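Engineer: First, the structure itself, so that you have it in front of you.
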Amino acid sequence: MNDRGITPSTIFGEGALSELPKICETLRARHLLLVVDEIAYRLSGAADALRQFLPQDAVTLFTDFEPNPKLEDVMRGVEKCRSVKPDLVVALGGGTAIDLAKMIGSMALQEESPRDIAVHGLPLQRGTLPLIAIPTTAGTGSEATHFAVVYVDGEKYSVADPCLLPAFALIDPQLTYSLPPTMTASTGLDTFCQAIESIWAVGATSESIEFAKEAAQLALRYLPEATHRPTPEARRAMCCASNLAGQAINISKTTLPHAISYSITADYGLPHGAAVATTLSSVMAFNFGVSARDCADRRGLAYVQKQLELILEILEVPSVDLACQRIESFVDSLGCSATPFAAGITSDESLNLLASRVNTDRLSNNPRAASHDDLVSLLKVRTNLSTMPRPLGVTPRATSL
């Protein structure tokens, strides 16, 4: 494993936080708004580390938020930011903290309300305060993207603007050492799903595909180890995979599994990465059925089929059936649900509601167009992993499905 693909504005490796004072000096920042996940701040060791590098009177903390960014959290953060007038925003935590910091640092400068910006997709004409992102999970890759997610009245919206790309990212794998297995698995699955989706996405380019390929390979190799028997090598590899997947979706954006996942998280409380993983195999099977009639990629059917074949190569399987089994065994071995049925989402009413609430932007980025009935069908997949052959030495955990 190497760090190929890490951008110049990203400082990667143990002790990366020690570079923060130098960056502050470069940006001439005297006062910082620190948007932090309180639990991650304490358990990761970042609180102790930052005390060594930053004078306490130069920092204002904002911690008043919950997982999965909500408009109310953004509005409280914007009010705090406007009151303290920082020179710089620093985000420390997972995707929630980083996405919130992106929106707080930009929306605090705008005339329009955070609600109008999020719901109506208004441009961030006044730019943003400089942002330093310090991830404490290996999952969302938000430190490498120019968009942020926010829930408004229970509905998910994406705020996208080039200015939202953090000015710097400090990635220290040691900050992920305290992650419990469940969070390691869920955030790592977000990385894996982002990588797979980025390869088949309508918005994919040759550059994003290279980022995504390496991210997927790293996640396949190291995520089980990082989850069940973490080593410094596995933690480092997953931090690298997360950043690469973030760079990939920053270009390509995500597709159908992510489009479905937001309602699964909102309605059933599944962590984001685990929610995305529930439909990855069924969407894989669906996309392999693409035809000239329903191909959504202007590069044509042959191009899409070539990208799908690349995914088979990454998974090291010869067919789509084995690819789906490979993915489901992988997800299940991490202690997560490989299908909506396994997650307890079984009623026709629930599945129809999920299908009706799919994010249309992400759906349009899928290489095969999908109708409501298509969505309901793929949500109804009920795989029993205990009856599956075991591809490529993957050992499913015991299952009661």
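Quick note on naming: the chains in the structure tokens go A, B, ... in the order shown, residues restart at 1 in each chain, and ligands are numbered from 1 in order of appearance.
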Would you list the contacts of Thr346 in chain A as a ChimeraX atom specification, taking every protein, DNA or RNA residue within 10 Å and counting only C-alpha atoms, but skipping same-chain residues closer than 5 positions in sequence?

Structural biologist: /A:340-341,351,379-382

Engineer: Write a file of the just-selected residues containing N, CA and C atoms, as a PDB file, in the first residue's frame.

Structural biologist:
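So the final result, stored in selection.pdb, reads:
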ATOM      1  N   PRO A 340     -31.807  -4.888   2.109  1.00  0.00           N
ATOM      2  CA  PRO A 340     -32.831  -4.270   2.960  1.00  0.00           C
ATOM      3  C   PRO A 340     -33.574  -5.305   3.802  1.00  0.00           C
ATOM      4  N   PHE A 341     -33.825  -6.482   3.226  1.00  0.00           N
ATOM      5  CA  PHE A 341     -34.501  -7.542   3.968  1.00  0.00           C
ATOM      6  C   PHE A 341     -33.710  -7.919   5.214  1.00  0.00           C
ATOM      7  N   LEU A 351     -41.084  -0.619   1.243  1.00  0.00           N
ATOM      8  CA  LEU A 351     -40.257  -0.631   0.044  1.00  0.00           C
ATOM      9  C   LEU A 351     -40.766   0.354  -0.996  1.00  0.00           C
ATOM     10  N   LEU A 379     -35.129  -3.551  -4.331  1.00  0.00           N
ATOM     11  CA  LEU A 379     -35.200  -3.452  -2.882  1.00  0.00           C
ATOM     12  C   LEU A 379     -35.740  -4.729  -2.241  1.00  0.00           C
ATOM     13  N   LYS A 380     -36.407  -5.567  -3.035  1.00  0.00           N
ATOM     14  CA  LYS A 380     -37.018  -6.785  -2.501  1.00  0.00           C
ATOM     15  C   LYS A 380     -36.072  -7.979  -2.452  1.00  0.00           C
ATOM     16  N   VAL A 381     -34.815  -7.785  -2.833  1.00  0.00           N
ATOM     17  CA  VAL A 381     -33.857  -8.890  -2.827  1.00  0.00           C
ATOM     18  C   VAL A 381     -33.759  -9.476  -1.425  1.00  0.00           C
ATOM     19  N   ARG A 382     -33.847 -10.821  -1.340  1.00  0.00           N
ATOM     20  CA  ARG A 382     -33.787 -11.504  -0.043  1.00  0.00           C
ATOM     21  C   ARG A 382     -32.762 -12.625  -0.130  1.00  0.00           C
TER      22      ARG A 382
END

Engineer: Got a sec: who's within 12 Å of Ala97 in chain A, counting only C-alpha atoms, leaving out chain neighbours fewer than 6 positions off, as a CSV table (one decimal) with all heavy atoms, in the first residue's frame?

Structural biologist:
chain,number,residue,atom,x,y,z
A,34,LEU,N,-13.6,25.9,15.6
A,34,LEU,CA,-13.3,24.5,15.6
A,34,LEU,C,-14.7,23.7,15.7
A,34,LEU,O,-15.3,23.7,16.7
A,34,LEU,CB,-12.4,24.1,16.7
A,34,LEU,CG,-11.9,22.6,16.8
A,34,LEU,CD1,-11.2,22.2,15.4
A,34,LEU,CD2,-10.9,22.5,17.9
A,35,VAL,N,-15.1,23.1,14.5
A,35,VAL,CA,-16.3,22.3,14.5
A,35,VAL,C,-15.9,20.9,14.7
A,35,VAL,O,-15.3,20.2,13.9
A,35,VAL,CB,-17.0,22.5,13.1
A,35,VAL,CG1,-18.3,21.6,13.0
A,35,VAL,CG2,-17.3,23.9,12.8
A,36,VAL,N,-16.3,20.4,15.9
A,36,VAL,CA,-15.8,19.1,16.3
A,36,VAL,C,-17.0,18.2,16.8
A,36,VAL,O,-17.9,18.6,17.4
A,36,VAL,CB,-14.8,19.2,17.5
A,36,VAL,CG1,-13.6,19.9,17.0
A,36,VAL,CG2,-15.3,19.9,18.7
A,37,ASP,N,-16.8,16.9,16.5
A,37,ASP,CA,-17.6,15.8,17.1
A,37,ASP,C,-16.9,15.6,18.5
A,37,ASP,O,-15.8,15.2,18.6
A,37,ASP,CB,-17.5,14.6,16.2
A,37,ASP,CG,-18.2,13.4,16.8
A,37,ASP,OD1,-18.1,13.1,18.0
A,37,ASP,OD2,-18.8,12.6,16.0
A,38,GLU,N,-17.7,15.9,19.5
A,38,GLU,CA,-17.1,15.8,20.9
A,38,GLU,C,-16.5,14.5,21.2
A,38,GLU,O,-15.5,14.4,21.8
A,38,GLU,CB,-18.2,16.2,21.9
A,38,GLU,CG,-18.4,17.7,22.0
A,38,GLU,CD,-19.3,18.0,23.2
A,38,GLU,OE1,-20.5,17.7,23.2
A,38,GLU,OE2,-18.7,18.5,24.2
A,39,ILE,N,-17.2,13.4,20.9
A,39,ILE,CA,-16.7,12.1,21.2
A,39,ILE,C,-15.4,11.8,20.5
A,39,ILE,O,-14.4,11.4,21.1
A,39,ILE,CB,-17.8,11.0,20.9
A,39,ILE,CG1,-19.0,11.2,21.8
A,39,ILE,CG2,-17.2,9.6,21.1
A,39,ILE,CD1,-20.1,10.2,21.5
A,40,ALA,N,-15.4,12.1,19.2
A,40,ALA,CA,-14.2,11.9,18.4
A,40,ALA,C,-13.1,12.8,18.9
A,40,ALA,O,-11.9,12.4,18.9
A,40,ALA,CB,-14.5,12.1,16.9
A,41,TYR,N,-13.4,14.0,19.3
A,41,TYR,CA,-12.4,14.9,19.8
A,41,TYR,C,-11.7,14.4,21.0
A,41,TYR,O,-10.4,14.5,21.1
A,41,TYR,CB,-13.1,16.2,20.1
A,41,TYR,CG,-12.3,17.4,20.4
A,41,TYR,CD1,-11.2,17.8,19.6
A,41,TYR,CD2,-12.5,18.2,21.5
A,41,TYR,CE1,-10.4,18.9,19.9
A,41,TYR,CE2,-11.7,19.4,21.8
A,41,TYR,CZ,-10.7,19.7,21.0
A,41,TYR,OH,-9.9,20.8,21.2
A,61,LEU,N,-15.0,26.6,20.1
A,61,LEU,CA,-15.6,25.3,19.8
A,61,LEU,C,-17.0,25.4,19.4
A,61,LEU,O,-17.8,26.1,20.0
A,61,LEU,CB,-15.4,24.3,20.9
A,61,LEU,CG,-14.1,23.8,21.4
A,61,LEU,CD1,-14.2,22.8,22.5
A,61,LEU,CD2,-13.4,23.1,20.2
A,62,PHE,N,-17.4,24.6,18.4
A,62,PHE,CA,-18.8,24.4,18.1
A,62,PHE,C,-19.1,22.9,18.0
A,62,PHE,O,-18.5,22.2,17.2
A,62,PHE,CB,-19.2,25.0,16.7
A,62,PHE,CG,-20.7,24.8,16.3
A,62,PHE,CD1,-21.7,25.4,17.0
A,62,PHE,CD2,-21.0,23.9,15.3
A,62,PHE,CE1,-23.0,25.1,16.7
A,62,PHE,CE2,-22.3,23.6,15.0
A,62,PHE,CZ,-23.3,24.2,15.7
A,63,THR,N,-19.9,22.4,19.0
A,63,THR,CA,-20.1,21.0,19.1
A,63,THR,C,-21.6,20.7,19.1
A,63,THR,O,-22.0,19.5,19.3
A,63,THR,CB,-19.5,20.5,20.4
A,63,THR,OG1,-20.2,21.2,21.5
A,63,THR,CG2,-18.0,20.7,20.5
A,64,ASP,N,-22.5,21.7,18.9
A,64,ASP,CA,-23.9,21.5,19.1
A,64,ASP,C,-24.6,20.9,17.8
A,64,ASP,O,-25.3,21.6,17.1
A,64,ASP,CB,-24.5,22.9,19.4
A,64,ASP,CG,-26.0,22.8,19.9
A,64,ASP,OD1,-26.4,21.7,20.2
A,64,ASP,OD2,-26.7,23.8,20.0
A,65,PHE,N,-24.3,19.6,17.6
A,65,PHE,CA,-24.9,19.0,16.4
A,65,PHE,C,-25.0,17.5,16.7
A,65,PHE,O,-24.3,16.9,17.6
A,65,PHE,CB,-24.2,19.3,15.1
A,65,PHE,CG,-22.7,18.9,15.2
A,65,PHE,CD1,-22.3,17.6,14.8
A,65,PHE,CD2,-21.8,19.8,15.5
A,65,PHE,CE1,-21.0,17.3,14.8
A,65,PHE,CE2,-20.4,19.5,15.5
A,65,PHE,CZ,-20.0,18.3,15.2
A,66,GLU,N,-25.8,16.8,15.9
A,66,GLU,CA,-26.0,15.3,16.0
A,66,GLU,C,-25.6,14.7,14.7
A,66,GLU,O,-25.3,15.4,13.7
A,66,GLU,CB,-27.5,15.0,16.2
A,66,GLU,CG,-28.1,15.6,17.5
A,66,GLU,CD,-29.6,15.3,17.6
A,66,GLU,OE1,-30.2,14.8,16.7
A,66,GLU,OE2,-30.1,15.7,18.7
A,67,PRO,N,-25.4,13.4,14.6
A,67,PRO,CA,-25.0,12.7,13.4
A,67,PRO,C,-26.0,13.0,12.3
A,67,PRO,O,-27.2,13.1,12.5
A,67,PRO,CB,-25.1,11.2,13.8
A,67,PRO,CG,-24.8,11.2,15.3
A,67,PRO,CD,-25.5,12.4,15.8
A,68,ASN,N,-25.5,13.0,11.1
A,68,ASN,CA,-26.2,13.3,9.8
A,68,ASN,C,-26.7,14.8,9.9
A,68,ASN,O,-27.7,15.1,10.6
A,68,ASN,CB,-27.4,12.4,9.6
A,68,ASN,CG,-27.0,10.9,9.6
A,68,ASN,OD1,-26.0,10.6,8.9
A,68,ASN,ND2,-27.6,10.1,10.3
A,69,PRO,N,-26.0,15.7,9.2
A,69,PRO,CA,-26.2,17.1,9.4
A,69,PRO,C,-27.7,17.6,9.1
A,69,PRO,O,-28.3,17.2,8.1
A,69,PRO,CB,-25.3,17.8,8.3
A,69,PRO,CG,-24.2,16.7,8.1
A,69,PRO,CD,-25.0,15.4,8.2
A,70,LYS,N,-28.2,18.4,10.0
A,70,LYS,CA,-29.6,18.9,9.9
A,70,LYS,C,-29.5,20.4,9.7
A,70,LYS,O,-28.6,21.0,10.2
A,70,LYS,CB,-30.4,18.5,11.1
A,70,LYS,CG,-30.5,16.9,11.2
A,70,LYS,CD,-31.2,16.6,12.5
A,70,LYS,CE,-31.3,15.1,12.7
A,70,LYS,NZ,-29.9,14.5,12.8
A,73,ASP,N,-28.8,22.3,12.8
A,73,ASP,CA,-27.4,22.3,13.2
A,73,ASP,C,-26.6,23.4,12.4
A,73,ASP,O,-25.8,24.1,13.0
A,73,ASP,CB,-26.8,21.0,13.0
A,73,ASP,CG,-27.5,19.9,13.7
A,73,ASP,OD1,-27.9,20.1,14.9
A,73,ASP,OD2,-27.6,18.7,13.2
A,74,VAL,N,-26.9,23.5,11.1
A,74,VAL,CA,-26.2,24.5,10.3
A,74,VAL,C,-26.5,25.9,10.8
A,74,VAL,O,-25.6,26.7,10.9
A,74,VAL,CB,-26.6,24.3,8.8
A,74,VAL,CG1,-25.9,25.4,8.0
A,74,VAL,CG2,-26.2,22.9,8.3
A,77,GLY,N,-24.7,26.8,13.9
A,77,GLY,CA,-23.3,27.0,13.5
A,77,GLY,C,-23.0,28.3,12.8
A,77,GLY,O,-22.0,29.0,13.1
A,89,VAL,N,-11.9,28.1,9.6
A,89,VAL,CA,-12.8,27.1,10.2
A,89,VAL,C,-12.0,25.8,10.1
A,89,VAL,O,-11.4,25.5,9.1
A,89,VAL,CB,-14.1,26.9,9.5
A,89,VAL,CG1,-15.0,25.8,10.1
A,89,VAL,CG2,-14.9,28.3,9.5
A,90,VAL,N,-12.0,25.1,11.3
A,90,VAL,CA,-11.3,23.7,11.3
A,90,VAL,C,-12.4,22.7,11.7
A,90,VAL,O,-13.2,22.9,12.6
A,90,VAL,CB,-10.2,23.7,12.3
A,90,VAL,CG1,-9.6,22.3,12.4
A,90,VAL,CG2,-9.1,24.7,12.0
A,91,ALA,N,-12.5,21.6,10.9
A,91,ALA,CA,-13.4,20.6,11.1
A,91,ALA,C,-12.7,19.3,11.6
A,91,ALA,O,-11.7,18.9,11.0
A,91,ALA,CB,-14.2,20.2,9.9
A,103,MET,N,-20.6,24.0,5.4
A,103,MET,CA,-21.7,24.9,5.2
A,103,MET,C,-21.7,26.1,6.1
A,103,MET,O,-22.1,27.2,5.8
A,103,MET,CB,-23.0,24.0,5.5
A,103,MET,CG,-23.3,23.0,4.3
A,103,MET,SD,-24.8,22.0,4.6
A,103,MET,CE,-24.2,20.8,5.8
A,104,ILE,N,-21.2,25.9,7.3
A,104,ILE,CA,-21.1,27.0,8.3
A,104,ILE,C,-20.2,28.1,7.8
A,104,ILE,O,-20.5,29.3,7.8
A,104,ILE,CB,-20.6,26.5,9.7
A,104,ILE,CG1,-21.7,25.6,10.3
A,104,ILE,CG2,-20.2,27.7,10.6
A,104,ILE,CD1,-21.3,24.9,11.5
A,105,GLY,N,-19.0,27.7,7.3
A,105,GLY,CA,-18.0,28.6,6.9
A,105,GLY,C,-18.4,29.4,5.6
A,105,GLY,O,-17.9,30.5,5.4
A,131,LEU,N,-11.1,26.5,5.1
A,131,LEU,CA,-11.4,25.4,5.9
A,131,LEU,C,-10.3,24.3,5.9
A,131,LEU,O,-9.7,24.0,4.9
A,131,LEU,CB,-12.7,24.7,5.3
A,131,LEU,CG,-13.1,23.3,5.9
A,131,LEU,CD1,-13.4,23.5,7.4
A,131,LEU,CD2,-14.2,22.7,5.2
A,132,ILE,N,-10.0,23.9,7.1
A,132,ILE,CA,-9.1,22.7,7.3
A,132,ILE,C,-9.9,21.6,7.8
A,132,ILE,O,-10.6,21.7,8.8
A,132,ILE,CB,-7.9,23.1,8.3
A,132,ILE,CG1,-7.1,24.2,7.8
A,132,ILE,CG2,-7.0,21.8,8.5
A,132,ILE,CD1,-6.1,24.7,8.8
A,133,ALA,N,-9.8,20.4,7.1
A,133,ALA,CA,-10.6,19.2,7.4
A,133,ALA,C,-9.6,18.2,8.1
A,133,ALA,O,-8.6,17.9,7.5
A,133,ALA,CB,-11.3,18.6,6.2
A,134,ILE,N,-10.0,17.7,9.2
A,134,ILE,CA,-9.2,16.7,9.9
A,134,ILE,C,-10.2,15.5,10.2
A,134,ILE,O,-10.9,15.5,11.2
A,134,ILE,CB,-8.7,17.2,11.3
A,134,ILE,CG1,-7.9,18.5,11.0
A,134,ILE,CG2,-7.8,16.2,11.9
A,134,ILE,CD1,-7.5,19.2,12.3
A,135,PRO,N,-10.2,14.5,9.3
A,135,PRO,CA,-11.1,13.4,9.5
A,135,PRO,C,-10.6,12.4,10.6
A,135,PRO,O,-9.4,12.2,10.8
A,135,PRO,CB,-11.0,12.7,8.1
A,135,PRO,CG,-9.7,13.0,7.5
A,135,PRO,CD,-9.4,14.4,8.0
A,136,THR,N,-11.6,12.0,11.4
A,136,THR,CA,-11.3,11.0,12.4
A,136,THR,C,-11.9,9.6,12.1
A,136,THR,O,-11.9,8.7,12.9
A,136,THR,CB,-11.8,11.4,13.8
A,136,THR,OG1,-13.2,11.7,13.7
A,136,THR,CG2,-11.1,12.7,14.2
A,137,THR,N,-12.5,9.5,10.9
A,137,THR,CA,-13.0,8.2,10.4
A,137,THR,C,-12.4,8.0,9.1
A,137,THR,O,-11.9,8.9,8.4
A,137,THR,CB,-14.5,8.2,10.3
A,137,THR,OG1,-14.9,9.1,9.3
A,137,THR,CG2,-15.2,8.6,11.6
A,140,THR,N,-16.1,8.8,4.7
A,140,THR,CA,-16.8,9.6,3.8
A,140,THR,C,-15.9,10.3,2.7
A,140,THR,O,-16.4,10.6,1.6
A,140,THR,CB,-17.5,10.8,4.5
A,140,THR,OG1,-16.6,11.7,5.1
A,140,THR,CG2,-18.4,10.2,5.6
A,142,SER,N,-15.0,13.2,2.8
A,142,SER,CA,-15.5,14.6,2.7
A,142,SER,C,-14.4,15.6,2.7
A,142,SER,O,-14.6,16.7,2.1
A,142,SER,CB,-16.5,14.9,3.9
A,142,SER,OG,-17.1,16.1,3.7
A,143,GLU,N,-13.2,15.3,3.2
A,143,GLU,CA,-12.1,16.2,3.1
A,143,GLU,C,-11.6,16.4,1.7
A,143,GLU,O,-10.8,17.4,1.4
A,143,GLU,CB,-11.0,15.7,4.0
A,143,GLU,CG,-10.1,14.6,3.4
A,143,GLU,CD,-10.7,13.2,3.6
A,143,GLU,OE1,-11.8,13.1,4.2
A,143,GLU,OE2,-10.1,12.2,3.1
A,148,ALA,N,-21.6,19.0,0.3
A,148,ALA,CA,-21.9,18.7,1.7
A,148,ALA,C,-23.4,18.3,1.7
A,148,ALA,O,-24.2,18.7,0.8
A,148,ALA,CB,-21.7,19.9,2.6
A,149,VAL,N,-23.7,17.4,2.6
A,149,VAL,CA,-25.1,16.9,2.8
A,149,VAL,C,-25.8,17.5,4.0
A,149,VAL,O,-25.2,17.7,5.0
A,149,VAL,CB,-25.1,15.3,3.0
A,149,VAL,CG1,-26.4,14.8,3.4
A,149,VAL,CG2,-24.6,14.7,1.7
A,150,VAL,N,-27.1,17.9,3.8
A,150,VAL,CA,-27.9,18.4,4.9
A,150,VAL,C,-29.3,17.9,4.8
A,150,VAL,O,-29.8,17.8,3.6
A,150,VAL,CB,-27.8,19.9,4.9
A,150,VAL,CG1,-28.4,20.6,3.6
A,150,VAL,CG2,-28.5,20.5,6.2

Engineer: Check the smallest atom-to-atom distance from each of A:Ala245, A:Val78, A:Met183, A:Leu175 to Ser208 in chain A using only C-alpha atoms, then report the winner.

Structural biologist: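 Closest to Ser208 in chain A of all the choices is A:Ala245.
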
Engineer: So, counting only C-alpha atoms, which residue among A:Gln325, A:Ser198, A:Ser242, A:Gln217 is closest to Thr184 in chain A?

Structural biologist: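 Ranked by minimum distance to Thr184 in chain A, first place goes to A:Ser242.
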
Engineer: So which residues touch Ala323 in chain A within 7 Å, counting only C-alpha atoms, skipping near sequence neighbours fewer than 5 positions away, as an NGL selection string?

Structural biologist: :A and (312 or 315 or 317)

Engineer: With all heavy atoms kept, could you save the residues just selected as an mmCIF file, in the first residue's frame?

Structural biologist:
data_model
loop_
_atom_site.group_PDB
_atom_site.id
_atom_site.type_symbol
_atom_site.label_atom_id
_atom_site.label_comp_id
_atom_site.auth_asym_id
_atom_site.auth_seq_id
_atom_site.Cartn_x
_atom_site.Cartn_y
_atom_site.Cartn_z
ATOM 1 N N LEU A 312 -15.743 -6.407 -12.041
ATOM 2 C CA LEU A 312 -15.524 -7.851 -11.881
ATOM 3 C C LEU A 312 -14.045 -8.139 -11.652
ATOM 4 O O LEU A 312 -13.685 -8.997 -10.833
ATOM 5 C CB LEU A 312 -16.022 -8.619 -13.104
ATOM 6 C CG LEU A 312 -17.521 -8.583 -13.417
ATOM 7 C CD1 LEU A 312 -17.836 -9.548 -14.559
ATOM 8 C CD2 LEU A 312 -18.348 -8.922 -12.180
ATOM 9 N N LEU A 315 -13.136 -7.243 -8.097
ATOM 10 C CA LEU A 315 -13.676 -8.241 -7.183
ATOM 11 C C LEU A 315 -13.076 -9.624 -7.402
ATOM 12 O O LEU A 315 -13.305 -10.532 -6.596
ATOM 13 C CB LEU A 315 -15.200 -8.309 -7.324
ATOM 14 C CG LEU A 315 -15.971 -7.039 -6.953
ATOM 15 C CD1 LEU A 315 -17.440 -7.186 -7.321
ATOM 16 C CD2 LEU A 315 -15.829 -6.727 -5.466
ATOM 17 N N VAL A 317 -13.753 -11.900 -9.762
ATOM 18 C CA VAL A 317 -14.772 -12.907 -10.052
ATOM 19 C C VAL A 317 -15.091 -12.865 -11.545
ATOM 20 O O VAL A 317 -14.931 -11.826 -12.192
ATOM 21 C CB VAL A 317 -16.063 -12.666 -9.238
ATOM 22 C CG1 VAL A 317 -15.812 -12.892 -7.755
ATOM 23 C CG2 VAL A 317 -16.604 -11.265 -9.471
#

Engineer: Extract, using only C-alpha atoms, all DNA, RNA and protein residues at most 12 Å from Leu71 in chain A, discarding same-chain residues fewer than 5 positions from it, and format them as a PyMOL selection string.

Structural biologist: chain A and resi 65-66+76-78+96+99-100+103-104+107+113-119+148-159

Engineer: Could you check how far CA of Val202 in chain A sits from CA of Asn366 in chain A, in Å to one decimal?

Structural biologist: 6.0 Å

Engineer: When you count only C-alpha atoms, which of these residues is closest to Ser333 in chain A: A:Leu189, A:Val320, A:Ala248, A:Ala369?

Structural biologist: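 Residue with the minimum atom-to-atom distance to Ser333 in chain A: A:Leu189.
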
Engineer: Using only C-alpha atoms, which residues sit within 8 Å of Lys213 in chain A once same-chain residues fewer than 3 positions away are excluded, as a ChimeraX atom specification?

Structural biologist: /A:195-196,199,209-210,216-217,314

Engineer: With all heavy atoms retained, could you export that selection as an mmCIF file, in the first residue's frame?

Structural biologist:
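Here's the written file selection-v8.cif:
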data_model
loop_
_atom_site.group_PDB
_atom_site.id
_atom_site.type_symbol
_atom_site.label_atom_id
_atom_site.label_comp_id
_atom_site.auth_asym_id
_atom_site.auth_seq_id
_atom_site.Cartn_x
_atom_site.Cartn_y
_atom_site.Cartn_z
ATOM 1 N N ALA A 195 -16.448 3.954 -4.112
ATOM 2 C CA ALA A 195 -15.494 3.541 -5.137
ATOM 3 C C ALA A 195 -16.172 2.747 -6.245
ATOM 4 O O ALA A 195 -15.962 3.015 -7.438
ATOM 5 C CB ALA A 195 -14.377 2.724 -4.498
ATOM 6 N N ILE A 196 -16.983 1.764 -5.872
ATOM 7 C CA ILE A 196 -17.678 0.953 -6.881
ATOM 8 C C ILE A 196 -18.617 1.819 -7.707
ATOM 9 O O ILE A 196 -18.646 1.746 -8.948
ATOM 10 C CB ILE A 196 -18.446 -0.196 -6.204
ATOM 11 C CG1 ILE A 196 -17.486 -1.175 -5.519
ATOM 12 C CG2 ILE A 196 -19.314 -0.926 -7.231
ATOM 13 C CD1 ILE A 196 -16.521 -1.880 -6.439
ATOM 14 N N ILE A 199 -17.011 4.051 -10.369
ATOM 15 C CA ILE A 199 -16.537 3.388 -11.590
ATOM 16 C C ILE A 199 -17.644 3.309 -12.635
ATOM 17 O O ILE A 199 -17.406 3.511 -13.828
ATOM 18 C CB ILE A 199 -15.982 1.994 -11.258
ATOM 19 C CG1 ILE A 199 -14.681 2.135 -10.459
ATOM 20 C CG2 ILE A 199 -15.728 1.175 -12.534
ATOM 21 C CD1 ILE A 199 -14.164 0.842 -9.868
ATOM 22 N N ILE A 209 -11.888 7.170 -12.194
ATOM 23 C CA ILE A 209 -11.877 5.707 -12.189
ATOM 24 C C ILE A 209 -10.590 5.166 -11.589
ATOM 25 O O ILE A 209 -10.600 4.172 -10.845
ATOM 26 C CB ILE A 209 -12.103 5.167 -13.621
ATOM 27 C CG1 ILE A 209 -13.554 5.440 -14.048
ATOM 28 C CG2 ILE A 209 -11.788 3.672 -13.708
ATOM 29 C CD1 ILE A 209 -13.800 5.249 -15.518
ATOM 30 N N GLU A 210 -9.466 5.809 -11.860
ATOM 31 C CA GLU A 210 -8.201 5.369 -11.265
ATOM 32 C C GLU A 210 -8.234 5.542 -9.747
ATOM 33 O O GLU A 210 -7.786 4.663 -9.011
ATOM 34 C CB GLU A 210 -7.024 6.140 -11.875
ATOM 35 C CG GLU A 210 -6.674 5.694 -13.277
ATOM 36 C CD GLU A 210 -6.343 4.207 -13.339
ATOM 37 O OE1 GLU A 210 -5.517 3.742 -12.534
ATOM 38 O OE2 GLU A 210 -6.939 3.510 -14.187
ATOM 39 N N ALA A 216 -11.195 0.953 -3.984
ATOM 40 C CA ALA A 216 -11.940 -0.300 -3.834
ATOM 41 C C ALA A 216 -11.006 -1.451 -3.475
ATOM 42 O O ALA A 216 -11.322 -2.287 -2.611
ATOM 43 C CB ALA A 216 -12.700 -0.616 -5.118
ATOM 44 N N GLN A 217 -9.871 -1.515 -4.128
ATOM 45 C CA GLN A 217 -8.920 -2.589 -3.845
ATOM 46 C C GLN A 217 -8.391 -2.506 -2.416
ATOM 47 O O GLN A 217 -8.263 -3.526 -1.729
ATOM 48 C CB GLN A 217 -7.774 -2.537 -4.852
ATOM 49 C CG GLN A 217 -8.202 -2.932 -6.262
ATOM 50 C CD GLN A 217 -7.127 -2.665 -7.312
ATOM 51 O OE1 GLN A 217 -6.330 -1.728 -7.179
ATOM 52 N NE2 GLN A 217 -7.110 -3.464 -8.364
ATOM 53 N N ILE A 314 -11.837 -6.132 -10.289
ATOM 54 C CA ILE A 314 -11.490 -5.684 -8.938
ATOM 55 C C ILE A 314 -11.941 -6.705 -7.901
ATOM 56 O O ILE A 314 -11.225 -7.014 -6.944
ATOM 57 C CB ILE A 314 -12.118 -4.311 -8.659
ATOM 58 C CG1 ILE A 314 -11.469 -3.238 -9.535
ATOM 59 C CG2 ILE A 314 -12.006 -3.939 -7.179
ATOM 60 C CD1 ILE A 314 -12.194 -1.916 -9.523
#

Engineer: Report the residues of range 77-316 of chain A whose backbone DSSP state falls under strand (DSSP E or B), written as a VMD selection string.

Structural biologist: chain A and resid 88 to 93 131 to 135 147 to 152 155 to 160 168 to 171 295

Engineer: For Phe147 in chain A, which residue out of A:Ser83, A:Gln56, A:Ser178, A:Thr254 is the nearest one, using only C-alpha atoms?

Structural biologist: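 Under the stated criterion, the closest residue is A:Thr254.
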
Engineer: With distances taken over only C-alpha atoms, which residue among A:Thr278, A:Gln174, A:Ser319, A:Ser291 lies nearest Arg235 in chain A?

Structural biologist: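 The shortest atom-to-atom distance to Arg235 in chain A comes from A:Gln174.
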
Engineer: Taking the DSSP secondary structure from the backbone, can you list the residues of range 39-268 of chain A that are helix (DSSP H, G or I), as a VMD selection string?

Structural biologist: chain A and resid 39 to 43 46 to 53 56 to 58 71 to 84 95 to 107 114 to 120 142 to 144 162 to 164 173 to 176 181 to 200 206 to 228 232 to 252 256 to 268
